[in-house]
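Here is the structure we will look at.
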Amino acid sequence: MTSVTITEILDDLRAADETTRRFERRYWLSSADFYELYTQGMLDDGEHTDDFAIWAAFYEIKLDREKDLQQLSRVRLRAVKDQVQRGVVHITPLEPSLTVASA
């Protein structure tokens with residue numbers, strides 16, 4: 001297990017998004033649709049195999065980091081809602097981290 005901060009999650013998301021968007025522009029296909037074809041083994045094993053492997057890897061990173069971000073956000077939301085029940089809400093900047101399974 002390792003700890004990952006919100007900044008690291010957002011940085012990974014930005015990098016994954018930039019990379020997947022580059023492939024979406026190149027192949028005129030959304031990453032979700034590409035990934036469905038890729039995981040079903042429906043794409044050719046020809047000259048674009050390296051592109052497809054990189055695209056799939058960055059799409060998986062994007063999905064994982066979106067899940068991590070949602071998990072951190074839910075924790076933060078519960079804390080904010082708890083404050084609302086006491087009548088006062090204070091939202092301050094902080095650097096939360098999440099413990100995730102090591103790859």
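Ordering of the structure tokens sets the chain letters (A, B, ...); residue numbers start at 1 within each chain; ligands are numbered from 1 in the order shown.
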| said: Excluding A:Tyr38 and its own-chain neighbours fewer than 6 positions away, which residues fall within 9 Å of it when counting only C-alpha atoms? Please give them as an MDAnalysis selection string. | reply: chainID A and resid 52:53 56
| message | According to DSSP computed on the backbone, where in stretch 8-81 of chain A is there helix (DSSP H, G or I)? Give the residues as a PyMOL selection string. | response | chain A and resi 8-27+31-39+49-81
Selected residues written out with C-alpha atoms, as a short mmCIF file (atom, residue, chain, number, x, y, z; two decimals), in the first residue's frame:
```
data_model
loop_
_atom_site.label_atom_id
_atom_site.label_comp_id
_atom_site.auth_asym_id
_atom_site.auth_seq_id
_atom_site.Cartn_x
_atom_site.Cartn_y
_atom_site.Cartn_z
CA GLU A 8 -0.59 13.57 -7.49
CA ILE A 9 -4.02 12.28 -8.46
CA LEU A 10 -4.83 15.47 -10.36
CA ASP A 11 -1.41 15.54 -12.04
CA ASP A 12 -1.83 11.91 -13.16
CA LEU A 13 -5.33 12.69 -14.42
CA ARG A 14 -4.07 15.67 -16.42
CA ALA A 15 -1.27 13.63 -18.02
CA ALA A 16 -3.58 10.71 -18.78
CA ASP A 17 -6.21 13.03 -20.23
CA GLU A 18 -3.67 14.79 -22.47
CA THR A 19 -2.37 11.47 -23.76
CA THR A 20 -5.76 9.88 -24.35
CA ARG A 21 -7.01 13.02 -26.12
CA ARG A 22 -4.01 12.87 -28.46
CA PHE A 23 -4.95 9.31 -29.44
CA GLU A 24 -8.64 10.23 -29.75
CA ARG A 25 -7.70 12.95 -32.25
CA ARG A 26 -5.39 10.61 -34.15
CA TYR A 27 -7.82 7.70 -34.43
CA SER A 31 -11.06 6.33 -25.37
CA ALA A 32 -14.01 4.46 -23.87
CA ASP A 33 -14.99 3.03 -27.26
CA PHE A 34 -11.37 2.25 -28.12
CA TYR A 35 -10.89 0.50 -24.77
CA GLU A 36 -13.96 -1.66 -25.34
CA LEU A 37 -12.53 -2.82 -28.69
CA TYR A 38 -9.07 -3.24 -27.17
CA THR A 39 -10.17 -5.36 -24.20
CA THR A 49 0.07 -2.14 -31.58
CA ASP A 50 2.42 0.15 -29.64
CA ASP A 51 -0.02 3.06 -29.88
CA PHE A 52 -2.85 0.85 -28.68
CA ALA A 53 -0.88 -0.44 -25.69
CA ILE A 54 0.07 3.09 -24.63
CA TRP A 55 -3.48 4.37 -25.16
CA ALA A 56 -4.95 1.54 -23.10
CA ALA A 57 -2.43 2.06 -20.30
CA PHE A 58 -3.16 5.78 -20.03
CA TYR A 59 -6.90 5.14 -20.19
CA GLU A 60 -6.56 2.67 -17.30
CA ILE A 61 -4.56 5.25 -15.33
CA LYS A 62 -7.30 7.78 -16.02
CA LEU A 63 -10.01 5.39 -14.79
CA ASP A 64 -8.03 4.51 -11.65
CA ARG A 65 -7.28 8.12 -10.79
CA GLU A 66 -10.88 9.18 -11.39
CA LYS A 67 -11.91 6.49 -8.92
CA ASP A 68 -9.29 7.71 -6.42
CA LEU A 69 -10.45 11.31 -6.83
CA GLN A 70 -14.06 10.30 -6.27
CA GLN A 71 -13.09 8.40 -3.13
CA LEU A 72 -11.22 11.39 -1.70
CA SER A 73 -14.08 13.68 -2.64
CA ARG A 74 -16.61 11.48 -0.83
CA VAL A 75 -14.50 11.58 2.33
CA ARG A 76 -14.27 15.37 2.08
CA LEU A 77 -18.00 15.70 1.39
CA ARG A 78 -18.85 13.65 4.50
CA ALA A 79 -16.66 15.95 6.58
CA VAL A 80 -18.31 19.04 5.11
CA LYS A 81 -21.80 17.63 5.65
#
```
Let's see if you can do this: from backbone DSSP, list all strand (DSSP E or B) residues in stretch 37-101 of chain A, as a CSV table (one decimal) with N, CA and C atoms, in the first residue's frame.
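So out_22.csv came out as:
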```
chain,number,residue,atom,x,y,z
A,97,SER,N,-4.6,12.8,1.4
A,97,SER,CA,-4.0,11.7,0.7
A,97,SER,C,-4.8,10.5,0.8
A,98,LEU,N,-4.6,9.5,0.0
A,98,LEU,CA,-5.4,8.3,-0.1
A,98,LEU,C,-4.4,7.2,-0.1
A,99,THR,N,-4.7,6.1,0.7
A,99,THR,CA,-3.8,4.9,0.6
A,99,THR,C,-4.4,4.0,-0.5
A,100,VAL,N,-3.5,3.7,-1.4
A,100,VAL,CA,-4.0,2.8,-2.5
A,100,VAL,C,-3.0,1.6,-2.6
```
